[in-house]
Amino acid sequence: MARLRRIILPLVVLVLVVVGLVMSLRPRPAPVDLAPVTRGPLQVTVDDDGRTRVKERYVVSSPLAGRLARITYKAGEPVRAGRTPLAVIDPSDPALLDARAVAEAEARVRAAALAVERARTQIVAANAALEFATSELRRAQAAASRGGANEREVQDAQLSVTMRTEEARAAEFARQIAVFELAQAEAALVRTRPVEEGADADAARLTILSPIDGRVLRVLRESAGFVSPGTPLVEIGDSADLEIEVDVLSPDAVRIVPGAAVHIENWGGPAALRGRVRLVEPSAFTKVSALGVEEQRVNVIIDFVDPPGARAGLGDGFRVQTRIVVSEAADVLKVPTGALFRRGDRWATFVEQNGRASLRLLEIGRRNHAEAEVLNGLSVGERVVVYPSDRVRDGVKLAPRDAAD
């Protein structure tokens, strides 16, 4: 019996060692994350950071030479058109001014008068364009109700009305500024001519009133002192009337069209805001990236769709993150982009079939940073491996992580 034990015991140990070696050399299932192939909407966007800015801003400048009283206004204070005094200037003694200064003042008055006439002409043209765009929108809506126009035509007509409205508003703002500058130029001309003896000294003092309703954006010259004609004093604007300026790479700018929808995120509020592209500037500029690479970039101007109440606290020069929609579809077959990789000149993915990985070549359409459209190679309900490791190969047994947990 003892001899039998001496024979059996080594055999058992040998068998256990062999079994352990076989088990250790046996390929283990590769842990993977699986995602289903689904159908749904897909948007392709150009993502970049932008900066808000006041649409219509105005720099109030000194219309004549003189001594400026200290400006006490601070950034953010409200101003009213024709009521809020922004600056007070005691003009230089007219007797000390030469004929050239008087001629320059008279020329400024004539130029300001011509600017007023030009602004009035622009208002007429802008209002005519707005009236035409509005009639086209009514025509498109009527045709759509009868089935004679599609939704895209109605949207294009609505976009035209929006743009013409903005142009008419800008033209009216330009007229107000032109009228203000004409009044300032006339006041400056009066104060460059000699005053009658015994006239009130306060009558010669020039008070510059705000040309628009809004807020003080910046005080450019705060301290008292002598100023020459054209010296910038205060920058004002309506801080609630904002737009967004985004500079994108020139290849991306080619894909962006006016009217494109924009998602505005990470601006500090609780929810994303809606925007719409108003203008893609026709000229690019060179910008050096953080890596020291020269890039050609193009400015894209975006209008807010949501009312000012939805973006309370957002001001001039604030940073926002924008996603500009360049392509979208309502119902496509799609997979996560993390499941895709290149196999030669084709796109490929690993599909889970009976617990094993199956290599599948695909045809891919539009895609964004998160999802890609599948034109051929997959069907709804199949599951693909997301971010496959180097252990995942065709035929390898899979261990889904959710199942392993």
# chains A, B, ... in the order shown; residues from 1 in each chain; ligands from 1

call {"tool": "select_by_dssp", "arguments": {"residues": "region 193-298 of chain A", "states": "helix (DSSP H, G or I)", "output": "list in words"}}
result
Ala201, Asp202, Ala203, Ala204, Ser250, Pro251, Asp252, Ala253, Val254 and Arg255 of chain A

call {"tool": "atom_distance", "arguments": {"atom1": "CA of Arg139 (chain A)", "atom2": "CA of Gly259 (chain A)"}}
result
19.5 Å

call {"tool": "closest_residue", "arguments": {"among": "A:Lys334, A:Arg366, A:Arg343, A:Arg83", "to": "Thr207 (chain A)", "atoms": "only C-alpha atoms"}}
result
A:Arg83

call {"tool": "atom_distance", "arguments": {"atom1": "CA of Val59 (chain A)", "atom2": "CA of Asp90 (chain A)"}}
result
19.9 Å

call {"tool": "select_by_dssp", "arguments": {"residues": "region 74-246 of chain A", "states": "strand (DSSP E or B)", "output": "JSON, numbers by chain"}}
result
{"A": [78, 79, 85, 86, 87, 88, 89, 90, 91, 206, 207, 208, 209, 214, 215, 216, 217, 218, 219, 225, 226, 227, 232, 233, 234, 235, 236, 237, 242, 243, 244, 245, 246]}

call {"tool": "atom_distance", "arguments": {"atom1": "CA of Gly230 (chain A)", "atom2": "CA of Ala171 (chain A)"}}
result
23.3 Å

call {"tool": "residues_around", "arguments": {"residues": "Val248 (chain A)", "least_positions_apart": "3", "cutoff": "9 Å", "atoms": "only C-alpha atoms", "output": "MDAnalysis selection string"}}
result
chainID A and resid 46:49 251:253 296:300

call {"tool": "closest_residue", "arguments": {"among": "A:Arg108, A:Arg51, A:Arg356, A:Arg70", "to": "Val219 (chain A)", "atoms": "only C-alpha atoms"}}
result
A:Arg70

call {"tool": "residues_around", "arguments": {"residues": "Pro258 (chain A)", "least_positions_apart": "3", "cutoff": "12 Å", "atoms": "only C-alpha atoms", "output": "PyMOL selection string"}}
result
chain A and resi 155-156+159-160+162-163+253-255+261-262+275-281+300-303+324-326
